[in-house]
Amino acid sequence: MSRRGNVIRLFNENASYVAALLLVFGLSFSESILSISSVALFVLAFLTGNFRQKIEWIAREKSLWALIGVFLIYLLGCLFCRDANTGMYELKKNIFWILIPLGVAFMPKMNDRKRGLFLLSYVVIVGAATLVATLKLLMHEHFGITDVRDASYVSHVAFSLQIVFSIYVLVYARMKRLPVIGSIPVFGLILWCIWLLIFLGFQKSLIGFLTLLGSGIVFLVGLIRKAPKRWVKRGLGLLLLLFLLVPPVYVGRIAYRFFHINETEPDFSLRTASGNSYWFDTSNHLLENGFHVYWYLCDAELEKSWNSISTVKIDEQDAAGYRVYDTLVRYMTSKGLKKDSAGVAALDSSDVNNILSGMANYLFAEKKYTLYPRIYQTIWELYHYSQTGDPNNQSLSQRIEYTKAAWDIIRHHFWGIGTGNYRIEFEKAFERIQSRLYPEFRFNVHNQYLNYIVKFGVPGFAVILWLLFFAIRQKKQFRNPLMVLLLIIIGIACLGDTTLETHVGLPFFLLFLSLFLWHFPQDEIQNNLPGEQERM
């Protein structure tokens, strides 16, 4: 073969593989690289020879058309679009349903070694992204970052899903002794998984931990069923029991601390050290660590004392956008302090910095790198919402309002509202349900299932589920444990986010879905893709 022929052969064999690796890199480090590599992967599918055979394969490959069919539903929904700009935006977001499956399907078929290298590349890139994010956090003064969720290069929710999936890839590869990746030493594997779990805790992503919990239960049940020895079954059963009991016990302890009342009756006769009276709002039952937020308040002393120790005045906003007064009152309450000059004097410099950063409870600083603040804040939001009906500036409460609006739309539009109309219809729904959400907080529902039903109705949602089920079943991938775990992770994440409409979540799902369908055959399944078997 001539030199030119060798160059062409090497290009055809490796270009798509490199593009797929760039896509993996983009999933953790750059949404721009993610988009560019997706387009490159698609273009390379038609530049690497066997054009006629590929067209014939496309025509007969039902699993490919099942995935493309999801995009066609969005395209069909555009027939009812009243907001052209939003409609085009939605089509742009979902073009991945065509780009990635086609691009991955026409990659030269991977052999066992190349599959192992690809999986290893994925977990190394995810691991590197966690280390870089940690380094940025340690050097926060240089990067201007104080929250680890802001340290990652992509959405912390989408990144948490990649971390969870990485753990399963590492464990499964070792168990099955997959080529390359399965040869990682056990000690190194344990340390790697522990680090990923620690970083997941740093991120404080509830969705990430819920996906880990749900998929972990299924994974352990599967291992118990196949374990050959009784002692192994018992050990795995104990681990499963921990998975089932530890999370609710942990959440229960936090809830108990929140609702346990430390002061039952206000002392109306009590005076401040300066002899001033307190005021009490006994109709407001908001709590912080079991203390009433709006008991024992002396606003005159509070304002004078705070303004004397801080350049950010009490009526101005803290770093989180809340009024300093509100954050200050909650923070002092969490420490069991009276809201007066003596209470302000009891605050040290770290307390002042915490308050100015928007931290409303001193425990959030003490337990900064745990899930405690996130769970506590979730409980507080639900309690505040139940007491006041005000959902603004609260992530979970706002999501409840979005869900109410979504159900209202579904009741009025059984067949869906079509592609690109969600902004119009959600605004109408917010008005119909008389939502107290401010205009700047009115968004689409944060639930992929409801999102599909709103846009395409119950029938359209059922068709999307059937298309995915059909593609996976046709390639017999329900026998692939990694595929099952991927589906569980994405399935749980879709309860709390529109994962399959985010710029990172959808490509992440489609990349591994496509790889499993056409490059990870189970039981020696032959995919019959055009082109030669890839060799290394």
# chains A, B, ... in the order shown; residues from 1 in each chain; ligands from 1
$ closest_atom_pairs --of "range 182-238 of chain A" --to "range 114-121 of chain A" --cutoff "12 Å" --atoms "only C-alpha atoms" --output "Markdown table"
| residue | atom | partner | partner_atom | distance |
| --- | --- | --- | --- | --- |
| A:Gly182 | CA | A:Gly116 | CA | 7.6 |
| A:Ser183 | CA | A:Gly116 | CA | 9.8 |
| A:Ile184 | CA | A:Leu120 | CA | 9.6 |
| A:Leu189 | CA | A:Leu120 | CA | 12.0 |
$ residues_around --residues "Trp295 in chain A" --least-positions-apart "2" --cutoff "9 Å" --atoms "only C-alpha atoms" --output "PDB file with C-alpha atoms, in the first residue's frame"
ATOM      1  CA  PRO A 266     -41.193  33.475  74.831  1.00  0.00           C
ATOM      2  CA  TYR A 278     -37.568  42.788  72.421  1.00  0.00           C
ATOM      3  CA  TRP A 279     -40.322  42.245  69.923  1.00  0.00           C
ATOM      4  CA  PHE A 280     -41.777  38.860  69.017  1.00  0.00           C
ATOM      5  CA  ASP A 281     -43.634  37.704  65.940  1.00  0.00           C
ATOM      6  CA  THR A 282     -45.377  34.695  67.475  1.00  0.00           C
ATOM      7  CA  ASN A 284     -44.208  33.335  62.379  1.00  0.00           C
ATOM      8  CA  PHE A 291     -34.829  28.321  67.792  1.00  0.00           C
ATOM      9  CA  HIS A 292     -37.516  30.749  66.584  1.00  0.00           C
ATOM     10  CA  VAL A 293     -36.143  33.190  64.032  1.00  0.00           C
ATOM     11  CA  LEU A 297     -35.547  40.876  68.165  1.00  0.00           C
ATOM     12  CA  THR A 333     -30.833  32.380  65.636  1.00  0.00           C
ATOM     13  CA  LYS A 338     -30.689  37.010  70.923  1.00  0.00           C
ATOM     14  CA  LYS A 339     -30.942  39.493  68.067  1.00  0.00           C
TER      15      LYS A 339
END
$ residues_around --residues "His503 in chain A" --least-positions-apart "3" --cutoff "8 Å" --atoms "only C-alpha atoms" --output "PyMOL selection string"
chain A and resi 31+93+506-507
$ write_last_selection --atoms "C-alpha atoms" --output "compact mmCIF listing (two decimals), in the first residue's frame"
# COMPACT_ATOMS: atom_id res chain seq x y z
CA GLU A 31 -19.30 22.59 26.41
CA LYS A 93 -30.45 21.48 21.74
CA LEU A 506 -28.06 14.56 26.68
CA PRO A 507 -24.67 14.00 24.95
$ select_by_dssp --residues "range 165-200 of chain A" --states "helix (DSSP H, G or I)" --output "PyMOL selection string"
chain A and resi 165-175+181-183+186-200
$ closest_residue --among "A:Ala66, A:Cys298, A:Ile198, A:Ile379" --to "Tyr256 in chain A" --atoms "only C-alpha atoms"
A:Ile379
$ closest_residue --among "A:Asn14, A:Thr134, A:Ser341, A:Ser274" --to "Glu303 in chain A" --atoms "only C-alpha atoms"
A:Ser341
$ residues_around --residues "range 201-206 of chain A" --least-positions-apart "5" --cutoff "6 Å" --atoms "only C-alpha atoms" --output "list in words"
Val148, Arg149, Tyr369, Thr370 and Leu371 of chain A
$ closest_residue --among "A:Ile464, A:Met332, A:Ile68, A:Leu287" --to "Glu263 in chain A" --atoms "only C-alpha atoms"
A:Leu287
$ residues_around --residues "Trp306 in chain A" --least-positions-apart "6" --cutoff "9 Å" --atoms "only C-alpha atoms" --output "ChimeraX atom specification"
/A:312-314,328,341,344-345
$ write_last_selection --atoms "C-alpha atoms" --output "JSON list (two decimals), in the first residue's frame"
[["chain", "number", "residue", "atom", "x", "y", "z"],
["A", 312, "VAL", "CA", -22.01, 46.12, 54.03],
["A", 313, "LYS", "CA", -24.94, 47.68, 55.85],
["A", 314, "ILE", "CA", -27.87, 45.75, 57.26],
["A", 328, "LEU", "CA", -28.10, 37.95, 59.96],
["A", 341, "SER", "CA", -26.17, 44.28, 70.43],
["A", 344, "VAL", "CA", -23.80, 40.87, 67.46],
["A", 345, "ALA", "CA", -20.86, 41.27, 69.85]]
$ residues_around --residues "range 42-46 of chain A" --least-positions-apart "6" --cutoff "9 Å" --atoms "only C-alpha atoms" --output "list in words"
Asn12, Ala15, Ser16, Ala19, Lys54, Ile98, Leu99, Ile100, Pro101, Leu102, Gly103, Val104, Ala105, Phe106 and Met107 of chain A
$ write_last_selection --atoms "C-alpha atoms" --output "PDB file, in the first residue's frame"
ATOM      1  CA  ASN A  12     -10.299   6.348   8.572  1.00  0.00           C
ATOM      2  CA  ALA A  15     -10.227  10.038  13.299  1.00  0.00           C
ATOM      3  CA  SER A  16     -13.687   9.128  14.641  1.00  0.00           C
ATOM      4  CA  ALA A  19     -13.390  12.813  17.950  1.00  0.00           C
ATOM      5  CA  LYS A  54     -23.372   3.223   5.202  1.00  0.00           C
ATOM      6  CA  ILE A  98     -28.933  12.623  15.250  1.00  0.00           C
ATOM      7  CA  LEU A  99     -25.290  13.707  15.512  1.00  0.00           C
ATOM      8  CA  ILE A 100     -24.040  11.349  18.226  1.00  0.00           C
ATOM      9  CA  PRO A 101     -25.837   8.084  17.325  1.00  0.00           C
ATOM     10  CA  LEU A 102     -24.847   8.363  13.658  1.00  0.00           C
ATOM     11  CA  GLY A 103     -21.298   9.410  14.473  1.00  0.00           C
ATOM     12  CA  VAL A 104     -20.757   6.618  16.997  1.00  0.00           C
ATOM     13  CA  ALA A 105     -22.469   3.963  14.843  1.00  0.00           C
ATOM     14  CA  PHE A 106     -19.997   4.540  11.991  1.00  0.00           C
ATOM     15  CA  MET A 107     -16.862   4.587  14.110  1.00  0.00           C
TER      16      MET A 107
END
$ residues_around --residues "Ala471 in chain A" --least-positions-apart "5" --cutoff "9 Å" --atoms "only C-alpha atoms" --output "PyMOL selection string"
chain A and resi 62-67+466+476-477+517
